[in-house]
Amino acid sequence: MKEQIRIPSKENDKLVLKVTPGHFSSDRFHVNYYIDMTKIKTHHKVAKETARELAKAYISNLSVDTIICLEGTEIIGAFLARELAKEG
């Protein structure tokens with residue numbers, strides 16, 4: 001297996017994406033990189049930090065009334081809703 005590439009967030013040192021180069025395919029897709037989002041989607045503190053960073057783009061710009069989550073990202077969506085609902 002090839003070496004994973006770690007891509008740290010420029011804004012938050014607690015967030016790191018792990019990317020593995022290679023050949024990944026199924027009957028529906030073909031990609032050259034696998035992005036491991038397991039920790040972002042399943043660890044409480046990392047999901048919370050992810051939501052906090054995502055919320056920064058929306059807090060002062062617009063009103064959000066619906067958050068649609070891809071399969072497995074519901075915890076991030078819940079934390080994102082909490083961040084966007086904060087007053088101030």
# chains A, B, ... in the order shown; residues from 1 in each chain; ligands from 1
call {"tool": "select_by_dssp", "arguments": {"residues": "chain A", "states": "helix (DSSP H, G or I)", "output": "MDAnalysis selection string"}}
result
chainID A and resid 38:42 44:56 74:85
call {"tool": "write_last_selection", "arguments": {"atoms": "N, CA, C and O atoms", "output": "compact mmCIF listing (two decimals), in the first residue's frame"}}
result
# COMPACT_ATOMS: atom_id res chain seq x y z
N THR A 38 -12.68 8.99 7.66
CA THR A 38 -13.20 8.21 8.78
C THR A 38 -13.15 8.99 10.09
O THR A 38 -14.15 9.09 10.81
N LYS A 39 -12.01 9.56 10.40
CA LYS A 39 -11.86 10.28 11.67
C LYS A 39 -12.76 11.52 11.72
O LYS A 39 -13.37 11.81 12.73
N ILE A 40 -12.87 12.22 10.60
CA ILE A 40 -13.71 13.42 10.54
C ILE A 40 -15.18 13.06 10.77
O ILE A 40 -15.92 13.78 11.42
N LYS A 41 -15.60 11.91 10.26
CA LYS A 41 -17.01 11.53 10.35
C LYS A 41 -17.36 10.80 11.64
O LYS A 41 -18.52 10.74 12.01
N THR A 42 -16.39 10.23 12.34
CA THR A 42 -16.73 9.37 13.47
C THR A 42 -16.21 9.83 14.83
O THR A 42 -16.75 9.41 15.85
N HIS A 44 -15.92 12.40 17.76
CA HIS A 44 -16.70 13.52 18.27
C HIS A 44 -15.96 14.85 18.18
O HIS A 44 -16.47 15.82 17.60
N LYS A 45 -14.77 14.93 18.72
CA LYS A 45 -14.04 16.21 18.75
C LYS A 45 -13.63 16.68 17.36
O LYS A 45 -13.68 17.88 17.07
N VAL A 46 -13.25 15.76 16.49
CA VAL A 46 -12.83 16.14 15.14
C VAL A 46 -14.04 16.59 14.33
O VAL A 46 -13.97 17.58 13.59
N ALA A 47 -15.17 15.90 14.47
CA ALA A 47 -16.40 16.30 13.78
C ALA A 47 -16.84 17.69 14.23
O ALA A 47 -17.26 18.52 13.43
N LYS A 48 -16.70 17.95 15.52
CA LYS A 48 -17.07 19.26 16.08
C LYS A 48 -16.16 20.36 15.52
O LYS A 48 -16.64 21.43 15.13
N GLU A 49 -14.87 20.11 15.45
CA GLU A 49 -13.92 21.09 14.90
C GLU A 49 -14.19 21.31 13.41
O GLU A 49 -14.10 22.43 12.91
N THR A 50 -14.51 20.24 12.69
CA THR A 50 -14.84 20.35 11.27
C THR A 50 -16.05 21.25 11.07
O THR A 50 -16.05 22.14 10.22
N ALA A 51 -17.08 21.03 11.87
CA ALA A 51 -18.29 21.85 11.78
C ALA A 51 -17.99 23.31 12.11
O ALA A 51 -18.50 24.23 11.46
N ARG A 52 -17.16 23.53 13.10
CA ARG A 52 -16.79 24.90 13.49
C ARG A 52 -16.11 25.62 12.32
O ARG A 52 -16.40 26.77 12.03
N GLU A 53 -15.23 24.92 11.62
CA GLU A 53 -14.55 25.52 10.46
C GLU A 53 -15.52 25.75 9.30
O GLU A 53 -15.47 26.79 8.64
N LEU A 54 -16.41 24.79 9.04
CA LEU A 54 -17.39 24.96 7.97
C LEU A 54 -18.33 26.13 8.26
O LEU A 54 -18.71 26.87 7.35
N ALA A 55 -18.70 26.30 9.51
CA ALA A 55 -19.64 27.36 9.89
C ALA A 55 -19.08 28.75 9.64
O ALA A 55 -19.84 29.68 9.35
N LYS A 56 -17.79 28.91 9.72
CA LYS A 56 -17.17 30.23 9.54
C LYS A 56 -17.55 30.87 8.21
O LYS A 56 -17.68 32.08 8.12
N GLU A 74 -23.74 12.85 9.26
CA GLU A 74 -24.80 13.44 10.06
C GLU A 74 -24.29 14.11 11.33
O GLU A 74 -24.81 15.14 11.75
N ILE A 75 -23.25 13.55 11.95
CA ILE A 75 -22.70 14.15 13.17
C ILE A 75 -22.10 15.51 12.86
O ILE A 75 -22.25 16.46 13.64
N ILE A 76 -21.44 15.64 11.72
CA ILE A 76 -20.91 16.95 11.32
C ILE A 76 -22.07 17.92 11.10
O ILE A 76 -22.01 19.07 11.52
N GLY A 77 -23.13 17.45 10.44
CA GLY A 77 -24.31 18.29 10.21
C GLY A 77 -24.95 18.75 11.50
O GLY A 77 -25.38 19.90 11.61
N ALA A 78 -24.99 17.87 12.49
CA ALA A 78 -25.57 18.25 13.79
C ALA A 78 -24.73 19.33 14.46
O ALA A 78 -25.27 20.32 14.98
N PHE A 79 -23.43 19.16 14.45
CA PHE A 79 -22.55 20.19 15.04
C PHE A 79 -22.59 21.48 14.23
O PHE A 79 -22.53 22.57 14.80
N LEU A 80 -22.72 21.37 12.92
CA LEU A 80 -22.83 22.56 12.07
C LEU A 80 -24.10 23.32 12.41
O LEU A 80 -24.08 24.55 12.54
N ALA A 81 -25.21 22.61 12.57
CA ALA A 81 -26.47 23.26 12.96
C ALA A 81 -26.33 23.98 14.28
O ALA A 81 -26.80 25.11 14.45
N ARG A 82 -25.64 23.35 15.22
CA ARG A 82 -25.43 23.97 16.54
C ARG A 82 -24.59 25.25 16.41
O ARG A 82 -24.91 26.27 17.00
N GLU A 83 -23.54 25.20 15.61
CA GLU A 83 -22.70 26.39 15.40
C GLU A 83 -23.48 27.52 14.75
O GLU A 83 -23.37 28.68 15.15
N LEU A 84 -24.27 27.20 13.74
CA LEU A 84 -25.03 28.22 13.02
C LEU A 84 -26.18 28.79 13.85
O LEU A 84 -26.63 29.89 13.60
N ALA A 85 -26.64 28.03 14.83
CA ALA A 85 -27.75 28.48 15.67
C ALA A 85 -27.31 29.34 16.85
O ALA A 85 -28.15 29.97 17.51
call {"tool": "closest_residue", "arguments": {"among": "A:Ile35, A:His43, A:Ser63, A:His23", "to": "Ile7 (chain A)", "atoms": "only C-alpha atoms"}}
result
A:Ile35
call {"tool": "atom_distance", "arguments": {"atom1": "CA of Leu15 (chain A)", "atom2": "CA of Leu62 (chain A)"}}
result
24.9 Å
call {"tool": "closest_residue", "arguments": {"among": "A:Met37, A:Ser26, A:Ile68, A:Ile59", "to": "Lys86 (chain A)", "atoms": "only C-alpha atoms"}}
result
A:Ile59
call {"tool": "closest_residue", "arguments": {"among": "A:Ile67, A:Val19, A:Phe24, A:Ala57", "to": "Arg6 (chain A)", "atoms": "only C-alpha atoms"}}
result
A:Val19
call {"tool": "select_by_dssp", "arguments": {"residues": "chain A", "states": "strand (DSSP E or B)", "output": "PyMOL selection string"}}
result
chain A and resi 5-8+16-25+30-36
